[in-house]
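Participant: Take a look at run-v2.cif, mmCIF, C-alpha atoms:
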data_upload
loop_
_atom_site.label_atom_id
_atom_site.label_comp_id
_atom_site.auth_asym_id
_atom_site.auth_seq_id
_atom_site.Cartn_x
_atom_site.Cartn_y
_atom_site.Cartn_z
CA MET E 1 189.22 -46.43 -97.62
CA ILE E 2 185.87 -45.17 -96.34
CA ALA E 3 184.23 -48.54 -96.93
CA GLN E 4 187.11 -50.33 -95.19
CA LYS E 5 186.85 -48.04 -92.17
CA VAL E 6 183.09 -48.60 -91.93
CA GLN E 7 183.61 -52.36 -92.26
CA GLN E 8 185.99 -52.35 -89.29
CA GLU E 9 184.06 -49.92 -87.10
CA PHE E 10 180.41 -50.75 -87.71
CA TYR E 11 180.50 -54.27 -89.17
CA PRO E 12 182.93 -56.04 -86.80
CA GLU E 13 183.86 -59.71 -87.08
CA LYS E 14 181.80 -61.94 -84.80
CA ASN E 15 183.23 -62.69 -81.39
CA GLN E 16 184.92 -66.08 -81.54
CA GLY E 17 183.33 -66.97 -78.21
CA ASP E 18 179.86 -66.43 -79.61
CA GLU E 19 178.00 -69.73 -79.90
CA ARG E 20 176.17 -68.25 -82.93
CA MET E 21 179.38 -67.36 -84.79
CA ASN E 22 178.52 -69.85 -87.55
CA THR E 23 175.11 -68.25 -88.07
CA ILE E 24 174.77 -65.58 -90.75
CA TYR E 25 171.93 -63.14 -90.06
CA LEU E 26 170.57 -61.63 -93.28
CA ASP E 27 167.15 -60.47 -92.11
CA HIS E 28 167.87 -56.89 -91.05
CA ALA E 29 164.78 -55.60 -92.89
CA ALA E 30 162.73 -57.53 -90.32
CA SER E 31 164.70 -56.45 -87.25
CA THR E 32 168.26 -55.36 -86.54
CA PRO E 33 170.66 -56.27 -83.72
CA VAL E 34 170.82 -53.63 -81.01
CA HIS E 35 173.99 -51.55 -81.26
CA PRO E 36 176.28 -51.93 -78.20
CA GLU E 37 176.13 -48.18 -77.52
CA VAL E 38 172.33 -48.30 -77.60
CA MET E 39 172.36 -51.20 -75.17
CA GLU E 40 174.66 -49.32 -72.79
CA THR E 41 172.39 -46.28 -72.91
CA MET E 42 169.29 -48.33 -72.13
CA LEU E 43 170.94 -50.21 -69.25
CA ARG E 44 172.07 -46.94 -67.71
CA VAL E 45 168.59 -45.46 -68.02
CA MET E 46 166.93 -48.51 -66.47
CA LYS E 47 169.35 -48.32 -63.53
CA GLU E 48 169.22 -44.57 -62.96
CA HIS E 49 165.87 -43.30 -64.29
CA TYR E 50 163.01 -45.34 -62.88
CA GLY E 51 160.71 -42.43 -62.06
CA ASN E 52 157.43 -41.79 -63.87
CA ALA E 53 157.80 -38.85 -66.26
CA SER E 54 154.36 -37.60 -65.19
CA SER E 55 155.38 -37.31 -61.53
CA VAL E 56 156.20 -33.87 -60.13
CA HIS E 57 159.03 -34.94 -57.80
CA ALA E 58 162.74 -34.98 -58.70
CA PHE E 59 162.67 -38.56 -60.05
CA GLY E 60 159.77 -37.67 -62.34
CA ARG E 61 161.40 -34.46 -63.51
CA ALA E 62 164.61 -36.34 -64.35
CA ALA E 63 162.61 -38.86 -66.36
CA LYS E 64 160.77 -36.07 -68.15
CA ARG E 65 164.05 -34.39 -69.10
CA LEU E 66 165.24 -37.69 -70.57
CA VAL E 67 162.05 -38.03 -72.62
CA ASN E 68 162.53 -34.50 -73.97
CA GLU E 69 166.21 -35.12 -74.78
CA SER E 70 165.32 -38.36 -76.57
CA ARG E 71 162.67 -36.59 -78.60
CA GLU E 72 165.21 -33.97 -79.66
CA GLN E 73 167.60 -36.63 -80.99
CA VAL E 74 164.95 -38.49 -83.00
CA ALA E 75 163.45 -35.23 -84.28
CA LEU E 76 166.90 -34.20 -85.50
CA LEU E 77 167.16 -37.28 -87.73
CA ALA E 78 163.58 -36.75 -88.95
CA GLY E 79 164.13 -33.06 -89.65
CA CYS E 80 161.14 -31.93 -87.62
CA ARG E 81 160.31 -29.87 -84.54
CA THR E 82 160.16 -31.70 -81.21
CA ASP E 83 156.49 -30.80 -80.72
CA GLU E 84 155.72 -32.54 -84.03
CA LEU E 85 157.03 -35.93 -82.86
CA VAL E 86 155.00 -38.42 -80.84
CA PHE E 87 156.59 -41.57 -79.40
CA THR E 88 154.66 -44.81 -79.98
CA GLY E 89 155.02 -48.52 -79.33
CA GLY E 90 156.52 -49.18 -82.78
CA GLY E 91 156.00 -48.74 -86.51
CA THR E 92 152.69 -50.60 -86.58
CA GLU E 93 151.19 -48.35 -83.94
CA SER E 94 152.54 -45.29 -85.74
CA ASP E 95 150.82 -46.39 -88.96
CA ASN E 96 147.59 -47.16 -87.10
CA LEU E 97 147.61 -43.82 -85.27
CA ALA E 98 148.24 -41.95 -88.52
CA LEU E 99 145.51 -43.70 -90.51
CA PHE E 100 142.80 -44.14 -87.89
CA GLY E 101 143.58 -40.77 -86.33
CA ALA E 102 143.51 -38.81 -89.59
CA ALA E 103 140.48 -40.67 -90.96
CA LYS E 104 138.36 -40.14 -87.85
CA ALA E 105 139.40 -36.50 -87.40
CA ASN E 106 138.61 -35.63 -91.02
CA GLN E 107 135.58 -37.78 -91.84
CA HIS E 108 133.35 -34.70 -91.87
CA ARG E 109 135.24 -33.67 -95.04
CA GLY E 110 134.95 -37.02 -96.78
CA ARG E 111 135.53 -40.76 -96.41
CA HIS E 112 137.80 -41.64 -99.34
CA ILE E 113 141.39 -42.78 -98.76
CA ILE E 114 144.10 -43.66 -101.30
CA THR E 115 146.98 -46.09 -100.72
CA THR E 116 148.97 -48.60 -102.78
CA GLN E 117 148.90 -52.34 -103.30
CA VAL E 118 152.46 -52.75 -101.98
CA GLU E 119 152.13 -51.21 -98.52
CA HIS E 120 153.18 -53.01 -95.35
CA HIS E 121 150.37 -54.96 -93.68
CA ALA E 122 150.41 -52.40 -90.85
CA VAL E 123 148.87 -50.03 -93.42
CA LEU E 124 146.90 -52.48 -95.56
CA HIS E 125 145.17 -54.22 -92.65
CA THR E 126 144.35 -50.86 -91.11
CA CYS E 127 142.82 -49.77 -94.41
CA ARG E 128 140.73 -52.96 -94.54
CA GLN E 129 139.40 -52.16 -91.08
CA LEU E 130 138.59 -48.61 -92.14
CA GLU E 131 136.61 -50.07 -95.05
CA LYS E 132 134.55 -52.07 -92.54
CA GLU E 133 133.85 -48.81 -90.75
CA GLY E 134 132.43 -47.17 -93.86
CA PHE E 135 135.46 -45.53 -95.48
CA GLU E 136 136.13 -46.05 -99.20
CA LEU E 137 139.63 -47.17 -100.24
CA THR E 138 141.48 -47.00 -103.54
CA TYR E 139 144.51 -49.32 -103.80
CA LEU E 140 146.82 -48.05 -106.53
CA PRO E 141 148.77 -50.51 -108.72
CA VAL E 142 152.53 -50.29 -109.26
CA ASP E 143 154.87 -50.83 -112.20
CA LYS E 144 157.24 -53.78 -112.64
CA TYR E 145 159.71 -52.22 -110.19
CA GLY E 146 157.10 -51.59 -107.50
CA ILE E 147 156.80 -47.83 -108.10
CA VAL E 148 153.55 -45.87 -107.93
CA HIS E 149 153.65 -42.73 -110.06
CA PRO E 150 152.41 -39.29 -108.94
CA GLU E 151 149.99 -39.01 -111.84
CA GLN E 152 148.28 -42.19 -110.63
CA VAL E 153 147.69 -40.54 -107.28
CA GLU E 154 146.34 -37.40 -108.94
CA GLU E 155 143.96 -39.38 -111.15
CA ALA E 156 142.61 -41.31 -108.14
CA ILE E 157 141.78 -38.19 -106.10
CA ARG E 158 138.07 -37.46 -105.66
CA PRO E 159 136.22 -34.51 -104.11
CA ASP E 160 135.78 -36.58 -100.93
CA THR E 161 139.42 -37.78 -100.68
CA ILE E 162 140.82 -36.92 -97.25
CA LEU E 163 144.03 -38.97 -96.98
CA VAL E 164 146.77 -40.55 -99.10
CA SER E 165 149.21 -43.10 -97.62
CA VAL E 166 152.32 -44.21 -99.54
CA MET E 167 155.39 -45.90 -98.07
CA TYR E 168 158.80 -44.25 -98.49
CA ALA E 169 160.67 -47.47 -99.36
CA ASN E 170 159.37 -51.00 -99.68
CA ASN E 171 160.30 -53.54 -97.03
CA GLU E 172 160.40 -56.49 -99.46
CA VAL E 173 162.19 -55.19 -102.56
CA GLY E 174 163.59 -51.86 -101.31
CA THR E 175 161.98 -49.73 -104.02
CA ILE E 176 161.90 -46.01 -103.15
CA GLN E 177 158.71 -44.13 -103.98
CA PRO E 178 158.65 -40.57 -105.44
CA ILE E 179 157.48 -39.09 -102.14
CA ARG E 180 158.39 -35.47 -102.89
CA GLU E 181 156.42 -35.48 -106.15
CA ILE E 182 153.39 -37.20 -104.59
CA ALA E 183 153.50 -34.70 -101.72
CA GLU E 184 153.26 -31.84 -104.22
CA VAL E 185 150.08 -33.42 -105.62
CA THR E 186 148.42 -33.87 -102.23
CA ALA E 187 149.48 -30.44 -100.95
CA ALA E 188 148.02 -28.73 -104.02
CA ARG E 189 144.69 -30.46 -103.32
CA ARG E 190 144.90 -29.90 -99.54
CA ILE E 191 144.74 -33.63 -98.84
CA LEU E 192 146.59 -35.14 -95.89
CA PHE E 193 149.61 -37.26 -96.84
CA HIS E 194 150.95 -40.07 -94.63
CA VAL E 195 154.27 -41.80 -95.36
CA ASP E 196 155.33 -45.08 -93.79
CA ALA E 197 159.07 -44.43 -93.51
CA VAL E 198 159.82 -47.35 -91.18
CA GLN E 199 162.19 -49.03 -93.63
CA ALA E 200 163.72 -45.80 -94.97
CA PHE E 201 164.41 -44.01 -91.67
CA GLY E 202 168.13 -44.01 -90.92
CA LYS E 203 168.89 -45.36 -94.40
CA LEU E 204 167.91 -42.34 -96.48
CA PRO E 205 168.29 -38.65 -95.63
CA ILE E 206 164.83 -37.50 -94.51
CA ASP E 207 163.94 -33.88 -93.83
CA THR E 208 160.24 -33.49 -93.07
CA SER E 209 160.66 -29.71 -92.87
CA LYS E 210 161.29 -29.71 -96.63
CA LEU E 211 158.60 -32.22 -97.58
CA ALA E 212 154.89 -31.45 -97.89
CA VAL E 213 154.16 -34.54 -95.79
CA ASP E 214 151.68 -34.36 -92.89
CA LEU E 215 152.35 -37.67 -91.15
CA MET E 216 155.37 -39.98 -91.17
CA SER E 217 155.96 -43.26 -89.29
CA PHE E 218 159.28 -44.45 -87.83
CA SER E 219 160.53 -47.44 -85.82
CA ALA E 220 163.63 -47.95 -83.65
CA HIS E 221 164.32 -51.62 -84.30
CA LYS E 222 165.10 -51.05 -87.99
CA ILE E 223 168.09 -48.84 -87.11
CA ASN E 224 169.80 -50.97 -84.43
CA GLY E 225 167.54 -49.65 -81.69
CA PRO E 226 165.19 -51.60 -79.38
CA GLN E 227 162.00 -53.34 -80.44
CA GLY E 228 158.71 -51.96 -79.17
CA VAL E 229 159.31 -48.22 -79.66
CA GLY E 230 158.57 -45.98 -82.61
CA ALA E 231 157.49 -42.46 -83.46
CA LEU E 232 155.01 -40.57 -85.58
CA TYR E 233 155.73 -37.20 -87.13
CA ILE E 234 152.60 -35.03 -87.08
CA ARG E 235 152.96 -31.73 -88.91
CA GLN E 236 151.87 -28.81 -86.78
CA GLY E 237 148.15 -28.15 -87.25
CA THR E 238 147.33 -31.62 -88.62
CA PRO E 239 144.00 -32.82 -87.15
CA LEU E 240 144.42 -36.26 -85.56
CA ASP E 241 142.27 -38.26 -83.14
CA PRO E 242 144.15 -40.39 -80.54
CA LEU E 243 143.96 -44.19 -80.37
CA PHE E 244 144.55 -44.47 -76.61
CA PHE E 245 142.88 -42.75 -73.68
CA GLY E 246 143.72 -42.53 -69.99
CA GLY E 247 146.50 -39.98 -69.68
CA LEU E 248 147.83 -36.68 -70.97
CA GLN E 249 151.15 -38.03 -72.25
CA GLU E 250 152.55 -37.01 -75.64
CA ARG E 251 150.38 -33.87 -75.72
CA LYS E 252 147.20 -35.99 -75.32
CA ARG E 253 147.99 -37.89 -78.54
CA ARG E 254 149.27 -41.12 -77.01
CA ALA E 255 148.17 -41.93 -73.45
CA GLY E 256 150.29 -44.26 -71.31
CA THR E 257 153.37 -44.18 -69.11
CA GLU E 258 156.41 -43.46 -71.25
CA ASN E 259 158.84 -46.24 -72.17
CA ILE E 260 161.80 -44.14 -71.06
CA ALA E 261 164.53 -46.74 -71.69
CA GLY E 262 163.07 -47.49 -75.11
CA MET E 263 162.92 -43.81 -76.03
CA ALA E 264 166.52 -43.29 -74.88
CA GLY E 265 167.56 -46.33 -76.95
CA PHE E 266 165.73 -44.96 -79.97
CA ALA E 267 167.49 -41.62 -79.51
CA ALA E 268 170.91 -43.29 -79.26
CA ALA E 269 170.21 -45.33 -82.40
CA ALA E 270 169.02 -42.22 -84.26
CA SER E 271 172.17 -40.34 -83.26
CA LEU E 272 174.37 -43.18 -84.52
CA ALA E 273 172.39 -43.46 -87.75
CA SER E 274 172.78 -39.73 -88.36
CA LYS E 275 176.57 -39.96 -88.03
CA GLN E 276 176.88 -43.12 -90.12
CA LEU E 277 174.35 -42.34 -92.87
CA PRO E 278 176.79 -41.03 -95.52
CA VAL E 279 179.22 -43.97 -95.29
CA LEU E 280 176.83 -46.81 -94.51
CA GLY E 281 175.01 -46.28 -97.80
CA GLU E 282 178.31 -46.82 -99.61
CA GLN E 283 179.05 -49.86 -97.47
CA ASP E 284 175.62 -51.38 -98.16
CA GLU E 285 176.13 -50.94 -101.91
CA LEU E 286 179.46 -52.74 -101.60
CA MET E 287 177.85 -55.59 -99.68
CA ARG E 288 175.08 -55.82 -102.26
CA LEU E 289 177.58 -55.97 -105.11
CA THR E 290 179.54 -58.66 -103.25
CA LEU E 291 176.44 -60.85 -102.95
CA LEU E 292 175.42 -60.45 -106.59
CA GLN E 293 178.93 -61.09 -107.93
CA ALA E 294 179.24 -64.18 -105.74
CA LEU E 295 175.87 -65.44 -106.98
CA GLN E 296 177.05 -65.06 -110.58
CA LEU E 297 180.08 -67.16 -109.70
CA HIS E 298 178.39 -69.92 -107.68
CA VAL E 299 174.86 -69.97 -109.14
CA GLY E 300 175.10 -68.40 -112.58
CA ALA E 301 173.26 -65.24 -113.64
CA GLU E 302 170.82 -67.32 -115.70
CA ASN E 303 169.64 -69.19 -112.58
CA TYR E 304 168.33 -66.27 -110.55
CA HIS E 305 166.25 -63.14 -111.09
CA LEU E 306 166.68 -59.83 -109.24
CA ASN E 307 163.34 -58.32 -108.15
CA GLY E 308 162.85 -54.59 -107.70
CA HIS E 309 164.63 -51.62 -109.21
CA PRO E 310 168.16 -52.40 -110.48
CA GLU E 311 169.49 -48.82 -110.27
CA ALA E 312 171.00 -47.17 -107.19
CA GLY E 313 168.98 -44.17 -106.07
CA TYR E 314 165.70 -45.93 -106.78
CA ARG E 315 166.07 -48.59 -104.08
CA LEU E 316 167.50 -49.19 -100.64
CA PRO E 317 170.95 -50.79 -101.01
CA HIS E 318 170.67 -53.14 -98.01
CA ILE E 319 167.65 -55.08 -99.32
CA VAL E 320 168.14 -57.60 -102.14
CA ASN E 321 165.14 -59.64 -103.30
CA ILE E 322 166.05 -62.57 -105.55
CA SER E 323 164.06 -65.40 -107.13
CA PHE E 324 165.63 -68.82 -107.72
CA PRO E 325 163.21 -70.51 -110.19
CA ALA E 326 164.68 -73.96 -109.58
CA CYS E 327 163.67 -73.89 -105.90
CA ASP E 328 160.51 -72.66 -104.17
CA THR E 329 160.78 -70.11 -101.37
CA GLU E 330 159.96 -72.42 -98.48
CA THR E 331 162.47 -75.08 -99.55
CA MET E 332 165.24 -72.53 -100.02
CA LEU E 333 164.58 -70.88 -96.65
CA MET E 334 164.63 -74.23 -94.84
CA ASN E 335 167.87 -75.28 -96.53
CA LEU E 336 169.50 -71.93 -95.78
CA ASP E 337 168.46 -72.26 -92.15
CA LEU E 338 170.07 -75.72 -92.00
CA GLU E 339 173.25 -74.10 -93.31
CA GLY E 340 173.08 -71.49 -90.52
CA ILE E 341 171.88 -68.65 -92.76
CA ALA E 342 168.85 -66.57 -91.72
CA ALA E 343 167.02 -64.98 -94.65
CA ALA E 344 163.34 -64.32 -95.30
CA SER E 345 160.53 -64.12 -97.77
CA GLY E 346 158.37 -61.04 -97.67
CA SER E 347 155.40 -63.36 -97.58
CA ALA E 348 152.88 -63.91 -94.83
CA CYS E 349 153.00 -67.27 -93.06
CA SER E 350 149.63 -68.93 -92.52
CA SER E 351 149.22 -72.40 -91.00
CA GLY E 352 152.87 -73.17 -91.67
CA THR E 353 152.57 -72.39 -95.38
CA LEU E 354 154.12 -69.38 -97.10
CA GLU E 355 151.68 -67.31 -99.12
CA PRO E 356 152.92 -65.53 -102.25
CA SER E 357 154.10 -61.98 -101.58
CA HIS E 358 151.43 -59.34 -102.21
CA VAL E 359 154.22 -56.95 -103.22
CA LEU E 360 155.67 -59.21 -105.91
CA ALA E 361 152.15 -60.09 -107.07
CA ALA E 362 151.36 -56.38 -107.47
CA MET E 363 154.54 -56.05 -109.58
CA ASN E 364 153.05 -58.72 -111.90
CA LEU E 365 156.01 -61.07 -111.64
CA PRO E 366 155.63 -64.49 -113.30
CA GLN E 367 154.45 -67.19 -110.92
CA ILE E 368 157.80 -68.96 -111.11
CA PHE E 369 159.50 -65.84 -109.71
CA LEU E 370 156.67 -65.10 -107.30
CA ARG E 371 156.95 -68.50 -105.62
CA SER E 372 160.73 -68.64 -105.42
CA ALA E 373 161.63 -65.22 -104.00
CA ILE E 374 164.03 -64.74 -101.09
CA ARG E 375 164.80 -61.45 -99.35
CA PHE E 376 168.35 -60.90 -98.12
CA SER E 377 168.93 -57.80 -95.99
CA PHE E 378 172.16 -56.92 -94.24
CA GLY E 379 173.60 -54.44 -91.78
CA LEU E 380 175.45 -54.25 -88.47
CA GLY E 381 177.61 -57.35 -87.88
CA ASN E 382 177.63 -58.64 -91.45
CA THR E 383 180.80 -59.05 -93.51
CA ARG E 384 181.50 -59.44 -97.20
CA GLU E 385 182.85 -62.92 -96.43
CA GLU E 386 179.42 -63.87 -95.07
CA LEU E 387 177.72 -62.79 -98.27
CA GLU E 388 180.23 -64.73 -100.36
CA LYS E 389 179.61 -67.79 -98.18
CA THR E 390 175.85 -67.34 -98.56
CA ALA E 391 176.12 -67.36 -102.36
CA GLU E 392 178.33 -70.44 -102.21
CA LYS E 393 175.80 -72.25 -100.01
CA ILE E 394 172.96 -71.32 -102.34
CA GLY E 395 174.90 -72.87 -105.21
CA THR E 396 175.39 -76.02 -103.14
CA ILE E 397 171.69 -76.18 -102.27
CA LEU E 398 170.57 -75.78 -105.88
CA ASN E 399 173.03 -78.45 -107.07
CA ARG E 400 171.84 -80.83 -104.36
CA LEU E 401 168.20 -80.33 -105.33
CA ARG E 402 168.98 -80.83 -109.02
CA ASN E 403 170.80 -84.11 -108.28
CA ARG E 404 167.76 -85.44 -106.41
CA ARG E 405 165.54 -85.08 -109.44
#
As C-alpha cells, please, write out the structure in this file.
Facilitator:
Amino acid sequence: MIAQKVQQEFYPEKNQGDERMNTIYLDHAASTPVHPEVMETMLRVMKEHYGNASSVHAFGRAAKRLVNESREQVALLAGCRTDELVFTGGGTESDNLALFGAAKANQHRGRHIITTQVEHHAVLHTCRQLEKEGFELTYLPVDKYGIVHPEQVEEAIRPDTILVSVMYANNEVGTIQPIREIAEVTAARRILFHVDAVQAFGKLPIDTSKLAVDLMSFSAHKINGPQGVGALYIRQGTPLDPLFFGGLQERKRRAGTENIAGMAGFAAAASLASKQLPVLGEQDELMRLTLLQALQLHVGAENYHLNGHPEAGYRLPHIVNISFPACDTETMLMNLDLEGIAAASGSACSSGTLEPSHVLAAMNLPQIFLRSAIRFSFGLGNTREELEKTAEKIGTILNRLRNRR
C-alpha cells in the first residue's frame, strides 16, 4: 500500500499532452527533473524577492531572511547547524572548496592526502591539481563491489597526512562506503575527513551531528532541485581557505551575490526529500526489482551481469549498473536512445568516444563487462511499466544485433 501511494503521488504518469511522453528518462543519477513544488517556489521567489541579500534596505533584508530560511531547511536534512552550512554553485564547487580549502589551510601540518580510485571526477581532478601544486596523494583501491575498507585508510595514513576524502555512495554503481567506520579512524588520528555525499543526499538518512565528518558536499539537482546550487557542510572549527574573493557572503567562505531562487529551490527540494525519504527507498527497491525481473524475462539472466553490491543496505536502490557482454556500451546507448530511452554509462566522453569507466576498472571487472556497462537510474516521473518496457526493448536490441552477425 505504501509503495502504491508513493507511485501515485510522487511518480505520476506522464501528461498525455507532453510531446516527450514516449521518452523514458533513466538518468536520474546525472540530474533529476525539478519537482513542481520546487518550481513554484523558485518562480515565486524570482517574482517577489529580487533584492540583494547584502543590501541594508527592506528588499535586501527580505532576501537575507529567505537565504537564512533556506539554509535552515537544507541544514535540517543534513543534520547540522545553520552556521556549519555554506551554499555553493553545485556539488563540484563544494568538492573543490572542501579539498582546496582544507589542503591550503592545513599545509603547514603536512601535504599528504588520501582518497579512493572510485571518486567522482570533481574529487579526482581536484586531487590531480593538488599534486601539481606539491601535495602527495594516495589513491586507495576497492574490492569487487567498489568498497574501500577502513583498515585500508588506516594503513595509508602517514605522519604528514592532513586530509582523507571518501564518497558516501558511488554515482556509477551505487555502492555505499563505510563512512562511520572511516570517520572513527580519521577522528582518532585528528585528520580532516571530507565526504562527497552528492549522490547519497536525500536518498540515505544523513546526520552530520552524529558522524565524525568535518566536510560534506551536497547538490540540489540530484534531489529534484535546480541545477547550479549546492552546499558544503563545514564542521565548526574546521580550518578552510576560501576559493572566491570579493565579498563577505557565506561568512567570508564563498564570496558572490547569493543565488536566492536557487537556494529557495534547494530548500524546497530538501524539505520534500525529508518527508519522502522513508517511502521512496522502498519504492526505488520495487522499481529496481521490476527492472531486474523484466530483464530475466526478456534478456535472460545469463546475458547480463549486475555490477556493484547485490545486497540492499550496501548500495543505493535507484542506481542499477548492468553489463550486456553481447553489446558494447556505445552501441547499446545509441540504440536505447533511438527507442526513446535515456540511460548512461558512467564513463567519460572524449572526442565522441566513450572511455572505460574508472570505477568499474578499479573494481577489476573483466574487459567484456567493463566495455558493455550501462547505468540505469530512476526517480520522479518513472513508472514500473517504463522499466518493463526498457527491459523489453533491450531484449529486442540484443536480438537484432545477434541477427546481423
Participant: Anything within 8 Å of (167.5, -55.8, -89.7): list those residues as an NGL selection string, counting all atoms listed in the file and sticking to the file's coordinates.
Facilitator: :E and (26-33 or 221-224 or 377-379)
Participant: With C-alpha atoms retained, could you export that selection as a short mmCIF file (atom, residue, chain, number, x, y, z; two decimals), in the frame of the given file?
Facilitator:
data_model
loop_
_atom_site.label_atom_id
_atom_site.label_comp_id
_atom_site.auth_asym_id
_atom_site.auth_seq_id
_atom_site.Cartn_x
_atom_site.Cartn_y
_atom_site.Cartn_z
CA LEU E 26 170.57 -61.63 -93.28
CA ASP E 27 167.15 -60.47 -92.11
CA HIS E 28 167.87 -56.89 -91.05
CA ALA E 29 164.78 -55.60 -92.89
CA ALA E 30 162.73 -57.53 -90.32
CA SER E 31 164.70 -56.45 -87.25
CA THR E 32 168.26 -55.36 -86.54
CA PRO E 33 170.66 -56.27 -83.72
CA HIS E 221 164.32 -51.62 -84.30
CA LYS E 222 165.10 -51.05 -87.99
CA ILE E 223 168.09 -48.84 -87.11
CA ASN E 224 169.80 -50.97 -84.43
CA SER E 377 168.93 -57.80 -95.99
CA PHE E 378 172.16 -56.92 -94.24
CA GLY E 379 173.60 -54.44 -91.78
#
Participant: Give me the stretch 23-109 of chain E side of the contact with stretch 128-152 of chain E, cut-off 12 Å, one line per residue showing its nearest atom pair and distance in Å at one decimal, counting all atoms listed in the file, sorted by chain and residue number, as JSON lines.
Facilitator:
{"residue": "E:Asn96", "atom": "CA", "partner": "E:Gln129", "partner_atom": "CA", "distance": 10.4}
{"residue": "E:Leu99", "atom": "CA", "partner": "E:Leu130", "partner_atom": "CA", "distance": 8.6}
{"residue": "E:Phe100", "atom": "CA", "partner": "E:Leu130", "partner_atom": "CA", "distance": 7.5}
{"residue": "E:Gly101", "atom": "CA", "partner": "E:Leu130", "partner_atom": "CA", "distance": 11.0}
{"residue": "E:Ala102", "atom": "CA", "partner": "E:Leu130", "partner_atom": "CA", "distance": 11.3}
{"residue": "E:Ala103", "atom": "CA", "partner": "E:Leu130", "partner_atom": "CA", "distance": 8.2}
{"residue": "E:Lys104", "atom": "CA", "partner": "E:Leu130", "partner_atom": "CA", "distance": 9.5}
{"residue": "E:Asn106", "atom": "CA", "partner": "E:Phe135", "partner_atom": "CA", "distance": 11.3}
{"residue": "E:Gln107", "atom": "CA", "partner": "E:Phe135", "partner_atom": "CA", "distance": 8.6}
{"residue": "E:His108", "atom": "CA", "partner": "E:Phe135", "partner_atom": "CA", "distance": 11.6}
{"residue": "E:Arg109", "atom": "CA", "partner": "E:Phe135", "partner_atom": "CA", "distance": 11.9}
Participant: Please provide as a short mmCIF file (atom, residue, chain, number, x, y, z; two decimals) with C-alpha atoms, in the frame of the given file all residues within 8 Å of E:Leu333, with the sequence filter that same-chain residues fewer than 4 positions apart are discarded (counting all atoms listed in the file).
Facilitator:
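The result, written out as result-v2.cif:
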data_model
loop_
_atom_site.label_atom_id
_atom_site.label_comp_id
_atom_site.auth_asym_id
_atom_site.auth_seq_id
_atom_site.Cartn_x
_atom_site.Cartn_y
_atom_site.Cartn_z
CA THR E 329 160.78 -70.11 -101.37
CA ASP E 337 168.46 -72.26 -92.15
CA ALA E 342 168.85 -66.57 -91.72
CA ALA E 343 167.02 -64.98 -94.65
CA ALA E 344 163.34 -64.32 -95.30
CA SER E 345 160.53 -64.12 -97.77
CA ILE E 374 164.03 -64.74 -101.09
#
Participant: Residues picked by the PyMOL selection byres ((chain E and resi 196-198) around 6) here, as a PyMOL selection string?
Facilitator: chain E and resi 167-168+195+199-201+216-219
Participant: For the structure provided, state which residues fall under the PyMOL selection byres ((chain E and resi 48) around 12), and present them as a ChimeraX atom specification.
Facilitator: /E:41-47,49-51,59-60,62-63,66,260-261
Participant: Skip E:Gly340 itself and residues of its chain fewer than 3 positions away, then list as a ChimeraX atom specification all residues within 7 Å of it, counting all atoms listed in the file.
Facilitator: /E:22-24,336-337
Participant: Filtering to C-alpha atoms, could you give me those residues as a PDB file, keeping the file's coordinate frame?
Facilitator:
ATOM      1  CA  ASN E  22     178.520 -69.850 -87.550  1.00  0.00           C
ATOM      2  CA  THR E  23     175.110 -68.250 -88.070  1.00  0.00           C
ATOM      3  CA  ILE E  24     174.770 -65.580 -90.750  1.00  0.00           C
ATOM      4  CA  LEU E 336     169.500 -71.930 -95.780  1.00  0.00           C
ATOM      5  CA  ASP E 337     168.460 -72.260 -92.150  1.00  0.00           C
TER       6      ASP E 337
END
Participant: Between atom CA of E:Pro239 and atom CA of E:Leu77, measure the distance and give it in Å to one decimal.
Facilitator: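 One can read the atom CA of E:Pro239 to atom CA of E:Leu77 distance as 23.6 Å.
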Participant: Pull out every residue that the PyMOL selection byres ((chain E and resi 160) around 10) matches in the shown coordinates and put them as a list in words.
Facilitator: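 Applied to this file, the PyMOL selection byres ((chain E and resi 160) around 10) returns Gln107, His108, Arg109, Gly110, Arg111, His112, Ile113, Glu136, Ile157, Arg158, Pro159, Thr161, Ile162, Leu163 and Ile191 of chain E.
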Participant: For E:Val299, please output as JSON, numbers by chain all residues within 9 Å (counting all atoms listed in the file; exclusion window: fewer than 3 positions along the same chain).
Facilitator: {"E": [294, 295, 296, 302, 303, 304, 391, 392, 394, 395, 396, 398, 399]}
Participant: Give me a file of those residues, with C-alpha atoms, as a PDB file, in the coordinates of the input.
Facilitator:
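Writing done, so here's again_28.pdb:
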ATOM      1  CA  ALA E 294     179.240 -64.180-105.740  1.00  0.00           C
ATOM      2  CA  LEU E 295     175.870 -65.440-106.980  1.00  0.00           C
ATOM      3  CA  GLN E 296     177.050 -65.060-110.580  1.00  0.00           C
ATOM      4  CA  GLU E 302     170.820 -67.320-115.700  1.00  0.00           C
ATOM      5  CA  ASN E 303     169.640 -69.190-112.580  1.00  0.00           C
ATOM      6  CA  TYR E 304     168.330 -66.270-110.550  1.00  0.00           C
ATOM      7  CA  ALA E 391     176.120 -67.360-102.360  1.00  0.00           C
ATOM      8  CA  GLU E 392     178.330 -70.440-102.210  1.00  0.00           C
ATOM      9  CA  ILE E 394     172.960 -71.320-102.340  1.00  0.00           C
ATOM     10  CA  GLY E 395     174.900 -72.870-105.210  1.00  0.00           C
ATOM     11  CA  THR E 396     175.390 -76.020-103.140  1.00  0.00           C
ATOM     12  CA  LEU E 398     170.570 -75.780-105.880  1.00  0.00           C
ATOM     13  CA  ASN E 399     173.030 -78.450-107.070  1.00  0.00           C
TER      14      ASN E 399
END
Participant: In Å, rounded to a single decimal, give me how far atom CA of E:Lys252 is from atom CA of E:Glu93.
Facilitator: 15.6 Å
Participant: Take atom CA of E:Gly313 and atom CA of E:Leu360 and report the distance between them in Å, one decimal.
Facilitator: 20.1 Å
Participant: Near E:Asp328, counting only C-alpha atoms, which residues have an atom at most 9 Å away, once you skip same-chain residues fewer than 4 positions from it, shown as a ChimeraX atom specification?
Facilitator: /E:323-324,332-333,368-369,371-373
Participant: Here is a test: counting only C-alpha atoms, which residue of E:Gly265, E:Gly281, E:Gly381, E:Pro310 is nearest to E:Glu69?
Facilitator: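 So, comparing all the options, the nearest one is E:Gly265.
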Participant: Could you check which of E:Val67, E:Cys127, E:Val164, E:Leu85 is closest to E:Ile114, using all atoms listed in the file?
Facilitator: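 For E:Ile114, the nearest of the given residues is E:Val164.
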